[in-house]
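Scroll down for the structure; my scribbles are underneath it.
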Amino acid sequence: MTRLSIPTRGLSPWRRYQADAALWFSPDEIARGRAYVRPLGWMGALEGVLAAGIVLAFVDGKVAADAIEWSGMRGWALELLIVVAARCWPSPSTR
């Protein structure tokens with residue numbers, strides 16, 4: 001095992017430290033790590049796109065207003081409960 005000389009002076013938890021993963025891991029381990037992380041990145045991007053689509057549909061599609069009107073309930077607490085619940089259900093006008 002080789003001893004690594006890692007400078008400790010000037011390290012900051014707020015700045016990225018440029019390190020070479022090849023010093024610590026074998027090429028097979030690096031390839032396995034990249035193969036594991038790649039789908040996670042794609043899923044994160046897909047989740048962001050879906051969340052933006054849901055928010056746009058919720059705001060532009062007037063789902064909250066339709067849900068409050070459909071429920072017939074009045075009072076800000078009940079309306080808030082209806083709006084939160086409506087985020088999980090499609091609007092009656094878009095069925």
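Within each chain, counting starts at residue 1; across the structure tokens, chains are named A, B, ... in the order shown, with ligands numbered 1 upward in that order.
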How would you write, as an mmCIF file with C-alpha atoms, in the first residue's frame, the set of residues in chain A that DSSP gives as helix (DSSP H, G or I)?
data_model
loop_
_atom_site.group_PDB
_atom_site.id
_atom_site.type_symbol
_atom_site.label_atom_id
_atom_site.label_comp_id
_atom_site.auth_asym_id
_atom_site.auth_seq_id
_atom_site.Cartn_x
_atom_site.Cartn_y
_atom_site.Cartn_z
ATOM 1 C CA ALA A 21 -10.345 8.894 -7.381
ATOM 2 C CA ALA A 22 -7.824 6.640 -9.134
ATOM 3 C CA LEU A 23 -5.483 7.095 -6.178
ATOM 4 C CA PRO A 27 -10.572 1.207 -12.283
ATOM 5 C CA ASP A 28 -13.207 -1.521 -11.808
ATOM 6 C CA GLU A 29 -14.550 0.166 -8.664
ATOM 7 C CA ILE A 30 -14.664 3.538 -10.416
ATOM 8 C CA ALA A 31 -16.577 2.018 -13.353
ATOM 9 C CA ARG A 32 -19.038 0.341 -10.971
ATOM 10 C CA GLY A 33 -19.577 3.622 -9.130
ATOM 11 C CA ARG A 34 -20.238 5.534 -12.342
ATOM 12 C CA ALA A 35 -22.629 2.828 -13.558
ATOM 13 C CA TYR A 36 -24.515 3.124 -10.257
ATOM 14 C CA VAL A 37 -24.722 6.931 -10.226
ATOM 15 C CA ARG A 38 -25.735 7.428 -13.882
ATOM 16 C CA PRO A 39 -29.351 6.150 -13.501
ATOM 17 C CA LEU A 40 -29.723 8.172 -10.307
ATOM 18 C CA GLY A 41 -28.896 11.325 -12.247
ATOM 19 C CA TRP A 42 -31.442 10.492 -14.935
ATOM 20 C CA MET A 43 -34.101 9.771 -12.314
ATOM 21 C CA GLY A 44 -33.359 13.075 -10.582
ATOM 22 C CA ALA A 45 -33.779 14.941 -13.867
ATOM 23 C CA LEU A 46 -37.018 13.069 -14.613
ATOM 24 C CA GLU A 47 -38.327 13.853 -11.136
ATOM 25 C CA GLY A 48 -37.604 17.555 -11.670
ATOM 26 C CA VAL A 49 -39.406 17.606 -15.011
ATOM 27 C CA LEU A 50 -42.420 15.776 -13.583
ATOM 28 C CA ALA A 51 -42.577 18.077 -10.556
ATOM 29 C CA ALA A 52 -42.467 21.142 -12.801
ATOM 30 C CA GLY A 53 -45.236 19.658 -14.961
ATOM 31 C CA ILE A 54 -47.403 18.975 -11.924
ATOM 32 C CA VAL A 55 -46.890 22.499 -10.599
ATOM 33 C CA LEU A 56 -47.722 24.013 -14.008
ATOM 34 C CA ALA A 57 -50.836 21.861 -14.314
ATOM 35 C CA PHE A 58 -51.834 22.747 -10.765
ATOM 36 C CA VAL A 59 -51.427 26.489 -11.284
ATOM 37 C CA ASP A 60 -52.417 26.907 -14.926
ATOM 38 C CA VAL A 63 -56.992 22.610 -10.045
ATOM 39 C CA ALA A 64 -57.031 24.334 -6.657
ATOM 40 C CA ALA A 65 -59.878 26.676 -7.567
ATOM 41 C CA ASP A 66 -61.902 23.830 -9.085
ATOM 42 C CA ALA A 67 -61.370 21.674 -6.009
ATOM 43 C CA ILE A 68 -62.457 24.412 -3.597
ATOM 44 C CA GLU A 69 -65.499 25.200 -5.706
ATOM 45 C CA TRP A 70 -66.376 21.509 -6.064
ATOM 46 C CA SER A 71 -66.108 20.852 -2.301
ATOM 47 C CA TRP A 76 -59.176 29.101 4.943
ATOM 48 C CA ALA A 77 -58.186 25.966 6.899
ATOM 49 C CA LEU A 78 -60.628 23.749 5.031
ATOM 50 C CA GLU A 79 -59.715 25.348 1.728
ATOM 51 C CA LEU A 80 -56.034 24.695 2.431
ATOM 52 C CA LEU A 81 -56.843 21.057 3.176
ATOM 53 C CA ILE A 82 -58.762 20.786 -0.109
ATOM 54 C CA VAL A 83 -55.922 22.405 -2.084
ATOM 55 C CA VAL A 84 -53.362 20.008 -0.598
ATOM 56 C CA ALA A 85 -55.614 17.028 -1.307
ATOM 57 C CA ALA A 86 -56.347 18.246 -4.839
ATOM 58 C CA PRO A 92 -62.895 17.548 -12.525
ATOM 59 C CA SER A 93 -62.670 19.671 -15.676
ATOM 60 C CA THR A 94 -59.753 17.620 -17.108
#
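Of note, atom CA of Arg9 of chain A and atom CA of Phe25 of chain A are spaced 24.0 Å apart.
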